[in-house]
Structure formats: structure tokens, C-alpha cells
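**Student:** Sharing coords23.txt below, compact mmCIF, C-alpha atoms:
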```txt
# COMPACT_ATOMS: atom_id res chain seq x y z
CA MET A 1 23.30 29.93 -5.22
CA ASP A 2 21.93 28.67 -8.53
CA LYS A 3 24.98 27.03 -10.08
CA LEU A 4 24.27 23.42 -10.93
CA LEU A 5 27.85 22.48 -11.77
CA ASP A 6 29.28 24.01 -8.59
CA ARG A 7 26.86 21.99 -6.49
CA PHE A 8 27.71 18.80 -8.30
CA LEU A 9 31.47 19.30 -7.95
CA ASN A 10 31.01 19.99 -4.24
CA TYR A 11 28.99 16.83 -3.63
CA ILE A 12 31.38 14.52 -5.47
CA SER A 13 34.22 15.76 -3.26
CA PHE A 14 32.63 13.74 -0.42
CA ASP A 15 33.71 10.10 -0.30
CA THR A 16 30.34 8.42 0.25
CA GLN A 17 31.08 4.93 -1.00
CA SER A 18 28.71 2.49 0.71
CA LYS A 19 29.86 -0.84 2.10
CA PRO A 20 28.03 -4.16 1.76
CA GLY A 21 27.59 -6.52 4.67
CA VAL A 22 27.39 -3.75 7.27
CA LYS A 23 24.42 -3.80 9.62
CA GLN A 24 24.16 -0.10 10.40
CA VAL A 25 22.65 2.40 7.96
CA PRO A 26 24.40 4.44 6.66
CA SER A 27 27.16 1.90 6.24
CA THR A 28 29.96 4.48 6.08
CA ASP A 29 30.87 7.75 7.84
CA GLY A 30 31.29 9.61 4.57
CA GLN A 31 27.56 9.41 3.95
CA TRP A 32 26.91 11.05 7.31
CA LYS A 33 29.25 13.90 6.36
CA LEU A 34 27.36 14.61 3.14
CA ALA A 35 23.98 14.21 4.87
CA ARG A 36 24.90 16.85 7.46
CA ALA A 37 26.25 19.15 4.75
CA LEU A 38 23.00 18.83 2.79
CA GLU A 39 20.95 19.48 5.93
CA GLU A 40 22.95 22.66 6.53
CA GLU A 41 22.62 23.75 2.90
CA LEU A 42 18.86 23.19 2.78
CA ASN A 43 18.38 25.20 5.96
CA ALA A 44 20.53 28.02 4.56
CA LEU A 45 18.46 28.04 1.36
CA GLY A 46 15.26 28.51 3.34
CA PHE A 47 13.59 25.14 2.87
CA SER A 48 11.01 24.16 5.46
CA HIS A 49 10.66 20.93 7.46
CA VAL A 50 14.35 20.09 6.98
CA SER A 51 15.18 16.88 8.82
CA LEU A 52 17.97 14.35 9.17
CA SER A 53 16.84 10.94 10.41
CA GLU A 54 18.76 8.61 12.69
CA HIS A 55 19.52 6.51 9.60
CA GLY A 56 20.94 9.37 7.55
CA CYS A 57 17.95 10.27 5.35
CA VAL A 58 17.63 13.98 4.61
CA MET A 59 14.17 15.41 3.88
CA ALA A 60 12.87 18.92 3.20
CA THR A 61 9.90 20.81 1.75
CA LEU A 62 9.59 23.58 -0.80
CA PRO A 63 6.21 25.04 0.26
CA SER A 64 3.45 25.66 -2.24
CA ASN A 65 3.23 29.13 -3.78
CA VAL A 66 -0.33 28.77 -5.16
CA ALA A 67 -3.74 29.24 -3.57
CA TRP A 68 -5.33 26.04 -4.85
CA THR A 69 -4.84 22.46 -3.68
CA VAL A 70 -2.08 20.56 -5.47
CA PRO A 71 -0.99 16.96 -4.84
CA THR A 72 2.34 16.82 -3.01
CA VAL A 73 5.03 15.51 -5.36
CA GLY A 74 8.41 14.17 -4.27
CA PHE A 75 11.89 13.96 -5.78
CA ILE A 76 14.48 11.53 -4.39
CA SER A 77 18.18 10.82 -4.98
CA HIS A 78 20.76 8.78 -3.08
CA MET A 79 23.96 10.02 -1.48
CA ASP A 80 26.14 6.92 -1.63
CA THR A 81 28.34 5.75 -4.46
CA SER A 82 28.96 2.18 -5.54
CA PRO A 83 31.26 -0.17 -3.61
CA ASP A 84 32.48 -1.45 -6.99
CA PHE A 85 35.15 1.23 -7.44
CA THR A 86 36.93 3.74 -5.25
CA ALA A 87 35.39 7.17 -4.67
CA LYS A 88 38.25 8.56 -2.60
CA HIS A 89 39.85 11.81 -3.81
CA VAL A 90 37.66 12.27 -6.88
CA ASN A 91 39.47 14.62 -9.25
CA PRO A 92 37.02 15.65 -11.99
CA GLN A 93 37.88 17.01 -15.41
CA ILE A 94 35.65 19.33 -17.41
CA VAL A 95 35.68 18.96 -21.18
CA GLU A 96 33.89 21.93 -22.70
CA ASN A 97 32.23 21.68 -26.11
CA TYR A 98 33.23 18.04 -26.74
CA ARG A 99 34.26 17.72 -30.39
CA GLY A 100 34.59 13.96 -30.64
CA GLY A 101 37.43 11.50 -30.35
CA ASP A 102 39.23 10.11 -27.32
CA ILE A 103 39.30 12.00 -24.05
CA ALA A 104 42.47 11.55 -22.00
CA LEU A 105 41.70 10.93 -18.33
CA GLY A 106 44.26 12.39 -15.96
CA ASN A 107 47.76 11.90 -17.31
CA GLY A 108 46.41 9.91 -20.25
CA ASP A 109 47.03 6.38 -19.03
CA GLU A 110 43.26 5.93 -19.29
CA ILE A 111 41.02 7.26 -22.04
CA LEU A 112 37.31 7.71 -22.56
CA SER A 113 36.82 6.50 -26.12
CA PRO A 114 33.77 6.59 -28.42
CA VAL A 115 34.97 3.26 -29.79
CA MET A 116 34.26 1.61 -26.44
CA PHE A 117 31.46 4.01 -25.48
CA PRO A 118 29.55 4.94 -28.67
CA VAL A 119 27.12 7.16 -26.73
CA LEU A 120 29.81 9.85 -26.96
CA HIS A 121 28.91 10.27 -30.64
CA HIS A 122 25.54 11.65 -29.50
CA LEU A 123 27.07 14.18 -27.11
CA LEU A 124 29.04 16.35 -29.52
CA GLY A 125 29.01 19.96 -28.35
CA HIS A 126 28.18 19.01 -24.78
CA SER A 127 30.27 19.98 -21.78
CA LEU A 128 31.31 16.74 -20.08
CA VAL A 129 32.53 16.07 -16.56
CA THR A 130 34.82 13.04 -16.42
CA THR A 131 37.10 11.34 -13.91
CA ASP A 132 40.89 11.37 -13.97
CA GLY A 133 40.86 7.61 -14.53
CA LYS A 134 41.59 6.73 -10.92
CA THR A 135 38.14 6.87 -9.29
CA LEU A 136 34.50 6.77 -10.20
CA LEU A 137 32.87 10.19 -10.64
CA GLY A 138 29.80 10.01 -8.41
CA ALA A 139 27.21 11.19 -10.91
CA ASP A 140 25.31 8.16 -9.63
CA ASP A 141 23.65 9.77 -7.83
CA LYS A 142 25.07 13.13 -6.85
CA ALA A 143 24.01 14.49 -10.21
CA GLY A 144 20.46 13.80 -9.04
CA ILE A 145 21.01 15.62 -5.74
CA ALA A 146 22.45 18.66 -7.50
CA GLU A 147 19.61 18.68 -10.01
CA ILE A 148 16.86 18.46 -7.39
CA ILE A 149 18.23 21.25 -5.20
CA THR A 150 18.98 23.48 -8.20
CA ALA A 151 15.47 22.93 -9.57
CA MET A 152 13.93 23.84 -6.21
CA VAL A 153 15.99 27.05 -5.99
CA ARG A 154 14.99 28.06 -9.51
CA LEU A 155 11.31 27.33 -8.88
CA LYS A 156 11.46 29.57 -5.83
CA ASN A 157 13.43 32.38 -7.43
CA LYS A 158 11.41 32.46 -10.65
CA GLN A 159 8.06 32.18 -8.84
CA ILE A 160 6.93 29.33 -11.07
CA PRO A 161 3.62 27.96 -9.76
CA HIS A 162 3.92 24.71 -7.81
CA GLY A 163 2.37 22.85 -4.91
CA ASP A 164 4.19 21.48 -1.90
CA ILE A 165 7.27 19.59 -3.07
CA ARG A 166 9.05 17.09 -0.85
CA ILE A 167 12.66 16.15 -1.50
CA ALA A 168 14.74 13.38 0.06
CA PHE A 169 18.31 12.14 -0.13
CA THR A 170 18.87 8.56 0.99
CA PRO A 171 21.89 6.49 2.07
CA ASP A 172 23.03 3.01 1.02
CA GLU A 173 21.00 2.67 -2.16
CA GLU A 174 23.90 0.88 -3.83
CA VAL A 175 23.83 -1.92 -1.24
CA GLY A 176 20.05 -2.31 -1.35
CA LYS A 177 19.27 -0.63 1.97
CA GLY A 178 18.40 2.87 0.81
CA ALA A 179 14.67 2.57 1.29
CA GLN A 180 14.74 0.22 4.27
CA PHE A 181 14.30 3.02 6.81
CA PHE A 182 12.61 5.57 4.53
CA ASP A 183 9.61 7.04 6.35
CA VAL A 184 6.98 7.10 3.59
CA GLU A 185 4.31 8.54 5.88
CA ARG A 186 6.54 11.36 7.05
CA PHE A 187 7.63 12.10 3.51
CA GLY A 188 3.97 12.74 2.75
CA ALA A 189 4.06 12.79 -1.06
CA GLU A 190 1.30 11.25 -3.18
CA TRP A 191 3.91 10.08 -5.65
CA ALA A 192 7.59 10.77 -6.33
CA TYR A 193 10.35 10.46 -8.90
CA THR A 194 13.81 9.11 -8.27
CA MET A 195 16.35 11.20 -10.13
CA ASP A 196 18.63 8.22 -10.58
CA GLY A 197 18.52 7.42 -14.27
CA GLY A 198 21.20 7.66 -16.91
CA GLY A 199 21.07 8.86 -20.50
CA ILE A 200 19.38 12.11 -21.47
CA GLY A 201 15.61 11.72 -21.97
CA GLU A 202 15.23 8.34 -20.29
CA LEU A 203 12.15 7.58 -18.19
CA GLU A 204 11.77 4.22 -16.48
CA TYR A 205 9.08 2.47 -14.51
CA GLU A 206 10.17 -1.13 -14.97
CA ASN A 207 13.08 -2.74 -13.19
CA PHE A 208 14.44 -6.17 -12.39
CA ASN A 209 13.11 -8.44 -9.70
CA ALA A 210 16.32 -9.00 -7.76
CA ALA A 211 17.75 -11.48 -5.31
CA SER A 212 21.15 -12.21 -3.79
CA VAL A 213 22.32 -15.81 -3.46
CA VAL A 214 25.12 -17.07 -1.23
CA VAL A 215 26.36 -20.59 -1.97
CA LYS A 216 28.32 -22.02 0.95
CA ILE A 217 30.28 -25.20 0.25
CA VAL A 218 31.92 -27.31 2.96
CA GLY A 219 34.41 -29.93 1.81
CA ASN A 220 37.08 -32.07 3.44
CA ASN A 221 40.78 -31.40 3.07
CA VAL A 222 43.46 -34.05 3.54
CA HIS A 223 46.97 -34.48 2.16
CA PRO A 224 46.66 -34.93 -1.63
CA GLY A 225 48.91 -37.99 -1.46
CA THR A 226 46.30 -39.85 0.58
CA ALA A 227 43.22 -38.09 -0.77
CA LYS A 228 41.62 -40.91 -2.73
CA GLY A 229 38.09 -41.54 -1.51
CA VAL A 230 38.53 -39.08 1.35
CA MET A 231 39.10 -35.57 0.01
CA VAL A 232 36.06 -33.47 -0.92
CA ASN A 233 37.36 -30.43 -2.77
CA ALA A 234 35.05 -27.47 -2.13
CA LEU A 235 36.61 -25.55 -5.02
CA SER A 236 35.88 -28.40 -7.42
CA LEU A 237 32.27 -28.49 -6.21
CA ALA A 238 32.07 -24.72 -6.72
CA THR A 239 33.30 -25.15 -10.28
CA ARG A 240 30.77 -27.90 -10.97
CA PHE A 241 27.98 -25.79 -9.51
CA HIS A 242 28.84 -22.75 -11.61
CA GLN A 243 29.04 -24.88 -14.74
CA LYS A 244 25.35 -25.68 -14.21
CA MET A 245 24.51 -22.00 -14.80
CA PRO A 246 23.50 -21.15 -18.39
CA VAL A 247 26.48 -19.58 -20.16
CA ASP A 248 24.23 -17.33 -22.27
CA GLU A 249 22.34 -15.92 -19.27
CA THR A 250 24.97 -13.66 -17.73
CA PRO A 251 25.21 -9.83 -17.61
CA GLU A 252 27.70 -9.77 -20.47
CA THR A 253 25.41 -11.79 -22.78
CA THR A 254 21.99 -10.27 -22.04
CA GLY A 255 20.12 -7.01 -22.62
CA GLY A 256 16.65 -5.51 -22.75
CA TYR A 257 14.19 -7.65 -20.83
CA GLU A 258 16.51 -10.67 -20.51
CA GLY A 259 17.41 -11.83 -17.01
CA PHE A 260 20.66 -13.35 -15.79
CA TYR A 261 22.72 -15.20 -13.19
CA HIS A 262 25.78 -13.22 -12.12
CA LEU A 263 28.65 -14.68 -10.09
CA HIS A 264 30.34 -11.60 -8.66
CA ASN A 265 32.45 -13.07 -5.88
CA LEU A 266 34.17 -16.40 -5.30
CA LYS A 267 36.57 -17.26 -2.52
CA GLY A 268 37.68 -20.46 -0.90
CA THR A 269 40.04 -23.32 -0.27
CA VAL A 270 39.79 -27.09 -0.63
CA ASP A 271 38.05 -27.15 2.75
CA ARG A 272 35.50 -24.35 2.25
CA ALA A 273 34.27 -22.14 -0.56
CA GLU A 274 31.72 -19.39 -0.85
CA MET A 275 30.10 -17.99 -3.99
CA HIS A 276 28.01 -14.82 -4.22
CA TYR A 277 25.49 -14.47 -7.05
CA ILE A 278 22.88 -11.94 -7.97
CA LEU A 279 19.73 -13.06 -9.79
CA ARG A 280 17.75 -10.72 -12.03
CA ASP A 281 14.57 -11.07 -14.10
CA PHE A 282 11.73 -8.72 -15.06
CA ASP A 283 9.07 -11.42 -14.91
CA ARG A 284 8.06 -12.60 -11.42
CA GLN A 285 7.45 -16.23 -12.50
CA ARG A 286 10.77 -16.49 -14.32
CA PHE A 287 12.41 -14.90 -11.28
CA ALA A 288 11.01 -17.65 -9.06
CA ALA A 289 12.10 -20.27 -11.61
CA ARG A 290 15.68 -18.96 -11.53
CA LYS A 291 15.82 -19.36 -7.76
CA GLN A 292 14.48 -22.90 -8.00
CA PHE A 293 17.00 -23.68 -10.75
CA MET A 294 19.87 -22.79 -8.41
CA ILE A 295 18.38 -24.87 -5.60
CA ASP A 296 18.08 -27.85 -7.95
CA ALA A 297 21.67 -27.37 -9.17
CA ALA A 298 22.95 -27.40 -5.59
CA GLU A 299 21.05 -30.58 -4.80
CA GLU A 300 22.42 -32.28 -7.91
CA VAL A 301 26.05 -31.31 -7.29
CA GLY A 302 25.79 -32.14 -3.60
CA LYS A 303 24.18 -35.56 -4.12
CA GLY A 304 26.05 -38.38 -2.36
CA LEU A 305 28.38 -36.19 -0.30
CA HIS A 306 29.50 -37.28 3.15
CA PRO A 307 27.11 -35.84 5.80
CA ASP A 308 29.86 -33.54 7.07
CA CYS A 309 30.22 -32.05 3.59
CA TYR A 310 27.43 -30.05 2.02
CA ILE A 311 26.27 -27.25 -0.26
CA GLU A 312 24.03 -24.63 1.37
CA LEU A 313 22.12 -21.86 -0.43
CA THR A 314 20.86 -18.67 1.16
CA ILE A 315 18.53 -16.67 -1.09
CA GLU A 316 17.39 -13.18 -0.14
CA ASP A 317 15.08 -11.08 -2.30
CA SER A 318 16.30 -7.50 -2.73
CA TYR A 319 13.49 -5.74 -4.61
CA TYR A 320 10.74 -6.33 -7.15
CA ASN A 321 9.65 -4.86 -10.47
CA MET A 322 8.05 -1.50 -9.73
CA HIS A 323 5.87 -1.87 -12.84
CA GLU A 324 3.44 -3.92 -10.75
CA GLN A 325 2.74 -0.83 -8.66
CA VAL A 326 3.47 2.20 -10.83
CA ALA A 327 1.35 1.01 -13.75
CA LYS A 328 -1.70 1.54 -11.51
CA TYR A 329 -1.06 5.30 -11.73
CA PRO A 330 -0.56 6.10 -15.42
CA HIS A 331 -0.99 9.84 -14.85
CA ILE A 332 2.37 10.10 -13.08
CA ILE A 333 4.10 8.55 -16.11
CA GLU A 334 2.18 10.80 -18.50
CA LEU A 335 3.14 13.83 -16.42
CA ALA A 336 6.84 13.01 -16.67
CA GLN A 337 6.57 12.26 -20.37
CA GLN A 338 4.97 15.65 -20.98
CA ALA A 339 7.61 17.40 -18.89
CA ILE A 340 10.38 15.73 -20.89
CA ARG A 341 8.74 16.79 -24.18
CA ASP A 342 8.26 20.33 -22.91
CA SER A 343 11.99 20.39 -22.19
CA GLY A 344 12.73 19.74 -25.86
CA LEU A 345 13.37 16.01 -25.63
CA GLU A 346 11.57 12.86 -26.68
CA PRO A 347 10.97 10.46 -23.78
CA ILE A 348 13.00 7.26 -24.05
CA MET A 349 11.04 4.53 -22.29
CA LYS A 350 13.22 1.61 -21.29
CA PRO A 351 13.50 -0.93 -18.49
CA ILE A 352 16.05 -0.41 -15.75
CA ARG A 353 18.52 -3.27 -15.81
CA GLY A 354 19.03 -2.74 -12.11
CA GLY A 355 17.04 -1.15 -9.34
CA THR A 356 16.44 2.15 -7.58
CA ASP A 357 15.10 3.22 -4.22
CA GLY A 358 11.89 3.73 -6.16
CA ALA A 359 11.45 -0.01 -6.60
CA GLN A 360 11.19 -0.60 -2.86
CA LEU A 361 9.24 2.60 -2.24
CA SER A 362 6.66 1.76 -4.90
CA PHE A 363 5.81 -1.42 -3.00
CA ARG A 364 5.52 0.59 0.20
CA GLY A 365 2.82 2.86 -1.18
CA LEU A 366 4.87 5.60 -2.86
CA PRO A 367 4.76 5.06 -6.63
CA CYS A 368 8.12 6.23 -7.85
CA PRO A 369 9.29 6.13 -11.52
CA ASN A 370 12.87 6.96 -12.42
CA VAL A 371 14.04 10.00 -14.43
CA PHE A 372 17.36 10.55 -16.21
CA THR A 373 20.22 12.57 -14.70
CA GLY A 374 22.56 12.84 -17.70
CA GLY A 375 25.18 10.48 -16.26
CA TYR A 376 26.82 7.55 -18.05
CA ASN A 377 29.09 4.54 -17.40
CA TYR A 378 28.25 4.32 -13.72
CA HIS A 379 30.31 2.43 -11.12
CA GLY A 380 33.72 2.77 -12.71
CA LYS A 381 36.59 4.99 -13.82
CA HIS A 382 34.94 5.78 -17.17
CA GLU A 383 31.91 7.36 -15.54
CA PHE A 384 31.04 10.81 -16.83
CA ALA A 385 28.18 13.29 -16.87
CA SER A 386 26.87 15.69 -19.47
CA GLN A 387 26.41 19.14 -17.99
CA ASP A 388 23.88 19.84 -20.75
CA GLY A 389 21.98 16.69 -19.77
CA MET A 390 22.00 17.72 -16.13
CA GLU A 391 20.50 21.08 -17.09
CA LYS A 392 17.78 19.25 -19.00
CA ALA A 393 17.04 17.16 -15.92
CA VAL A 394 16.61 20.35 -13.90
CA GLN A 395 14.15 21.62 -16.51
CA VAL A 396 12.20 18.36 -16.31
CA ILE A 397 11.92 18.55 -12.51
CA MET A 398 10.70 22.13 -12.71
CA ARG A 399 8.20 21.32 -15.42
CA ILE A 400 6.82 18.32 -13.50
CA ALA A 401 6.24 20.63 -10.54
CA GLU A 402 4.59 23.27 -12.69
CA LEU A 403 2.41 20.83 -14.62
CA SER A 404 1.22 19.26 -11.36
CA ALA A 405 0.02 22.68 -10.19
CA LEU A 406 -1.55 23.67 -13.50
CA ARG A 407 -3.39 20.37 -13.92
CA ALA A 408 -4.69 20.57 -10.35
CA LYS A 409 -5.98 24.10 -11.02
CA SER A 410 -7.65 22.98 -14.25
CA ALA A 411 -9.26 19.97 -12.55
CA GLY A 412 -10.52 22.22 -9.75
CA HIS A 413 -12.15 24.57 -12.23
CA LYS A 414 -13.86 21.65 -13.96
CA ASN A 415 -15.26 20.46 -10.66
```
Can I see the file as C-alpha cells?

**Tutor:**
Amino acid sequence: MDKLLDRFLNYISFDTQSKPGVKQVPSTDGQWKLARALEEELNALGFSHVSLSEHGCVMATLPSNVAWTVPTVGFISHMDTSPDFTAKHVNPQIVENYRGGDIALGNGDEILSPVMFPVLHHLLGHSLVTTDGKTLLGADDKAGIAEIITAMVRLKNKQIPHGDIRIAFTPDEEVGKGAQFFDVERFGAEWAYTMDGGGIGELEYENFNAASVVVKIVGNNVHPGTAKGVMVNALSLATRFHQKMPVDETPETTGGYEGFYHLHNLKGTVDRAEMHYILRDFDRQRFAARKQFMIDAAEEVGKGLHPDCYIELTIEDSYYNMHEQVAKYPHIIELAQQAIRDSGLEPIMKPIRGGTDGAQLSFRGLPCPNVFTGGYNYHGKHEFASQDGMEKAVQVIMRIAELSALRAKSAGHKN
């Protein structure tokens, strides 16, 4: 009942890969299967107010075990895995007491190497859960689910003081729809933490402002032998458009607080082409400037085209930097920092070069920083998790719950 690793291995056996461009939420049946399994598990464990919404969001409550009033705190993780790499038939490997060097994945055709992933140098002695080199692992974010449920069970069994704690597991976070149907009012927490971070000790309350951009190009195809003055090659226009993007502002050339333009899909023919970009920037004004830059580039490349040929941009904002909202409540950051220190770690404050459900939820009235899970190399075959890091995450959750209760008691006495 209290085995963190067993829970994690069970959850990653569900293929919950989300699918972009699908209207319904969840976007895949596998997410429904895990949602129903979690609903059943939470009921069996004795949680109260267990619910499964029509859009696949699982919620539950661990009731308070103290006599005084404590703010309701929430913990949230997502059930889906990234569309970027297959999650079908995940076959995990457990490497106990990692001693350094390359780790063979599966039959050894793929390796997990500290040369490519230097973070492994900092995980000597840890027990690691890896893939077999054929799928992603699913630590993003099933490590978070396992950690939250395990922490709740331990709080209950050890009778550690805590107030009401709300937990939730969401679908389709990886395709930007995880928080779209999240019922903040029903959740009823004053603040929450997404357990959706990476490296051990990390705490984040800054993330990208994000937008998706679709560039649709309509050309005119005729026989190349008679093309002069008539053909409009959509692929050539796509190439010219992309060449307008700054070569040093891409994901592979930026870090820290630097934003980027990322072309992640291109398809087409002479007649029609379509390009899919994502835009990212931490600063709201620079974010707006990036969108305008792409509009200007399209106008420049499309200047003088025949009226039947054109370049069309569709820009859709995905989420915004949660710092704008979370910074208004410094006590929830301080609480997490203290919990991390009390767990024997030093908080590592860094911006998320991506987003979480917490970004959207923070703008909907639920301030929601992001806490580490102990997972690394998300969205690909080299993904792995540190079992030791996952145990630390459980300790942090438990300590946040306990500190919330103790601080509320102390404040009540002062009043």
C-alpha cells in the first residue's frame, strides 16, 4: 500500500500518450483507462470526495486530522505523456546503486551515457528507472502521481498533522489542454503545487509565455517546363519565411531566460505548404514582439504575390508566465523552500523552459508553483527517474502539508 516504486511502475504500464489536434478532452482512450484506475485506487485507499469529471480529471480529498483551521492545499499532476515519442509497451529497467558509466538500454543498441547527459555524474549511488530504449518512460508526469498518492498514504498512516489536502490528476497537459476544464472552484484549494518538475531540489514559479503559430502558404503549381512567371512555389516561400527567423533564437541555441522560435513541423508541396511553430519568451513585451516579428516576416515574403496565392498566419496563445500571479503570494514559495530544506536539500530556483498546468491555473485564481519529481530527459527514449529523488519529492509533499498545519496553528495562537 505504501510502495512508491510499485505505484510508479503500475502507472507507466498505461499508454496515456495525448494527441494534438483532437477536440475532445481527454484526447486518447488510454488516459480514460488510467483515470478510472486512479479513481478506483483512491476509493480503495479511503480518500473522500473522490470524483472523475466528464473530461477525465480525477480529484480527491485527504481530510484534515487537526482541530484548528488550516488553509486547504492542493497537489496536482498530469496523466498523459508526450506525443513526441511512443509510450506503448513501456518496459522499464531498474539500475540499483548506479556506479557511473554508460547504462545499456534494452539489448544495448541504445545507451544512457553521462557524456551526453552529465547529470548522471550527480546521481551516483541512486537507484534509477530507465527505458529499454524503445519508448519514453512516463516519469513526466506519472512520477508526480505516484509521489502525491504515496505522500497522502504516509501522512494518513503516520498521523502527521495536516489540514484538508486536495489532489488532482489532469489529462492532456502535454497538448496544452490540461487545465482547460479544471474546476478551480470545485477543487477548493487556496493554493496548490504541480508535481511536474524535473531534477532533484528544483522549485519553479516562472515559465514561458507560449503561443503556437500555424503558417499556411498557398502557391500555384504548373508544369516546370512552362513555369516561368506563373509558378508560385509554396515550398520556396516556406524556406524564405523560415530564413527570416533568427538563427540564434532556437531551442538548441538558447537557455535560461532566453526565448525562441521553434519550427517543429513542416509539410507541403509546390501548391501548398504548412509550417507549425511554437513561440516562447519569459517577458510579456518580448513575447508580443516575437508574434509581430512573424507577422511582419509573412507580409514581407508574401509581398507582390498573385491574389490567389498568399501566406496566412494563425497565432494562438497557449499560456502565460505564472510569475505574474504567483509572486503575489510569496508565502507559498517560502513554504515549499522550507519543505525542501527540511528534506535535506537546497532549493534550486530556476525558470521552467516550458509550461505546466500550474501556469493556466495560476491565471484562473489558483496560484500553483512547480516542484521537482526526480525525473530527467523527458519526452524521449533516454528519459529516466531517480527513485531516491522520487522519495525526496514524497518527503517534500508531506512536509509542505505539515508546515501548513503548524504555521496555521501558530498564527491562530498569535491571534

**Student:** Axis-aligned box over every listed atom of segment 21-25 of chain A, padded by 4 Å per side: centre and edges in Å to one decimal, as lines of an AutoDock Vina configuration file?

**Tutor:**
```
center_x = 25.1
center_y = -2.1
center_z = 7.5
size_x = 12.9
size_y = 16.9
size_z = 13.7
```

**Student:** Using all atoms listed in the file, which of the listed residues (A:Gly144, A:Met294, A:Asn91, A:Ser386) sits closest to Gly125 of chain A?

**Tutor:**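 So, comparing all the options, the nearest one is A:Ser386.
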
**Student:** Nearest to Ala189 of chain A: which of A:Ile340, A:Ala146, A:Met152, A:Leu366 is it, counting all atoms listed in the file?

**Tutor:**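 Smallest separation from Ala189 of chain A among the options: A:Leu366.
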
**Student:** With all atoms listed in the file as the atoms that count, which of A:Val184, A:Val25, A:Val129, A:Met79 lies nearest to Gly365 of chain A?

**Tutor:**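 Of A:Val184, A:Val25, A:Val129, A:Met79, the one nearest Gly365 of chain A is A:Val184, counting all atoms listed in the file.
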
**Student:** Write out, as a tab-separated table, each residue of segment 352-377 of chain A that has an atom at most 10 Å from segment 281-284 of chain A, together with the closest pair of atoms and their distance in Å to one decimal, counting only C-alpha atoms, rows going by chain and rising number.

**Tutor:**
```
residue	atom	partner	partner_atom	distance
A:Ile352	CA	A:Phe282	CA	9.4
A:Arg353	CA	A:Phe282	CA	8.7
A:Gly354	CA	A:Asp281	CA	9.7
```

**Student:** Hey, could you make a per-residue contact list for segment 34-80 of chain A against segment 315-339 of chain A with 12 Å as the cut-off, showing the nearest pair of atoms and its distance in Å to one decimal, counting only C-alpha atoms, sorted by chain and number, as CSV?

**Tutor:**
```
residue,atom,partner,partner_atom,distance
A:Pro71,CA,A:Ile332,CA,11.2
A:Val73,CA,A:Ile332,CA,9.8
A:Gly74,CA,A:Ile332,CA,11.4
```

**Student:** Those residues with C-alpha atoms, as a CSV table (one decimal), in the frame of the given file please?

**Tutor:**
```csv
chain,number,residue,atom,x,y,z
A,71,PRO,CA,-1.0,17.0,-4.8
A,73,VAL,CA,5.0,15.5,-5.4
A,74,GLY,CA,8.4,14.2,-4.3
```

**Student:** Could you check how far atom CA of His306 of chain A sits from atom CA of Gln292 of chain A, in Å to one decimal?

**Tutor:** 23.6 Å

**Student:** Using only C-alpha atoms, list the residues that have an atom at most 12 Å from (29.6, -34.3, 9.2), coordinates as in the file, as a ChimeraX atom specification.

**Tutor:** /A:218-220,305-310

**Student:** Take the selection from the previous step and output its residues with C-alpha atoms, as a short mmCIF file (atom, residue, chain, number, x, y, z; two decimals), keeping the file's coordinate frame.

**Tutor:**
```cif
data_model
loop_
_atom_site.label_atom_id
_atom_site.label_comp_id
_atom_site.auth_asym_id
_atom_site.auth_seq_id
_atom_site.Cartn_x
_atom_site.Cartn_y
_atom_site.Cartn_z
CA VAL A 218 31.92 -27.31 2.96
CA GLY A 219 34.41 -29.93 1.81
CA ASN A 220 37.08 -32.07 3.44
CA LEU A 305 28.38 -36.19 -0.30
CA HIS A 306 29.50 -37.28 3.15
CA PRO A 307 27.11 -35.84 5.80
CA ASP A 308 29.86 -33.54 7.07
CA CYS A 309 30.22 -32.05 3.59
CA TYR A 310 27.43 -30.05 2.02
#
```

**Student:** I'd like the interatomic distance between atom CA of Thr373 of chain A and atom CA of Ala192 of chain A, to a tenth of an Å.

**Tutor:**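 According to the coordinates, atom CA of Thr373 of chain A and atom CA of Ala192 of chain A are separated by 15.3 Å.
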
**Student:** Mind checking which residues fall within 9 Å of Thr170 of chain A, counting all atoms listed in the file, ignoring those fewer than 3 positions away in the same chain, and posting them as a PyMOL selection string?

**Tutor:** chain A and resi 26+35+55-59+76-80+173+178-179+182+357

**Student:** Could you write out the selected residues, including C-alpha atoms, as a PDB file, in the coordinates of the input?

**Tutor:**
```
ATOM      1  CA  PRO A  26      24.400   4.440   6.660  1.00  0.00           C
ATOM      2  CA  ALA A  35      23.980  14.210   4.870  1.00  0.00           C
ATOM      3  CA  HIS A  55      19.520   6.510   9.600  1.00  0.00           C
ATOM      4  CA  GLY A  56      20.940   9.370   7.550  1.00  0.00           C
ATOM      5  CA  CYS A  57      17.950  10.270   5.350  1.00  0.00           C
ATOM      6  CA  VAL A  58      17.630  13.980   4.610  1.00  0.00           C
ATOM      7  CA  MET A  59      14.170  15.410   3.880  1.00  0.00           C
ATOM      8  CA  ILE A  76      14.480  11.530  -4.390  1.00  0.00           C
ATOM      9  CA  SER A  77      18.180  10.820  -4.980  1.00  0.00           C
ATOM     10  CA  HIS A  78      20.760   8.780  -3.080  1.00  0.00           C
ATOM     11  CA  MET A  79      23.960  10.020  -1.480  1.00  0.00           C
ATOM     12  CA  ASP A  80      26.140   6.920  -1.630  1.00  0.00           C
ATOM     13  CA  GLU A 173      21.000   2.670  -2.160  1.00  0.00           C
ATOM     14  CA  GLY A 178      18.400   2.870   0.810  1.00  0.00           C
ATOM     15  CA  ALA A 179      14.670   2.570   1.290  1.00  0.00           C
ATOM     16  CA  PHE A 182      12.610   5.570   4.530  1.00  0.00           C
ATOM     17  CA  ASP A 357      15.100   3.220  -4.220  1.00  0.00           C
TER      18      ASP A 357
END
```

**Student:** Atom CA of Thr81 of chain A and atom CA of Ser127 of chain A are how many Å apart?

**Tutor:**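 Calculated distance between atom CA of Thr81 of chain A and atom CA of Ser127 of chain A is 22.5 Å.
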
**Student:** Any chance you could tabulate, as JSON lines, the residues of segment 64-104 of chain A at most 9 Å from segment 394-406 of chain A with each one's nearest atom pair and distance in Å to one decimal, using only C-alpha atoms, in chain and rising number order?

**Tutor:**
```
{"residue": "A:Val66", "atom": "CA", "partner": "A:Ala405", "partner_atom": "CA", "distance": 7.9}
{"residue": "A:Trp68", "atom": "CA", "partner": "A:Ala405", "partner_atom": "CA", "distance": 8.3}
{"residue": "A:Thr69", "atom": "CA", "partner": "A:Ala405", "partner_atom": "CA", "distance": 8.1}
{"residue": "A:Val70", "atom": "CA", "partner": "A:Ala405", "partner_atom": "CA", "distance": 5.6}
{"residue": "A:Pro71", "atom": "CA", "partner": "A:Ser404", "partner_atom": "CA", "distance": 7.3}
{"residue": "A:Thr72", "atom": "CA", "partner": "A:Ser404", "partner_atom": "CA", "distance": 8.8}
{"residue": "A:Val73", "atom": "CA", "partner": "A:Ala401", "partner_atom": "CA", "distance": 7.4}
{"residue": "A:Phe75", "atom": "CA", "partner": "A:Ile397", "partner_atom": "CA", "distance": 8.1}
```
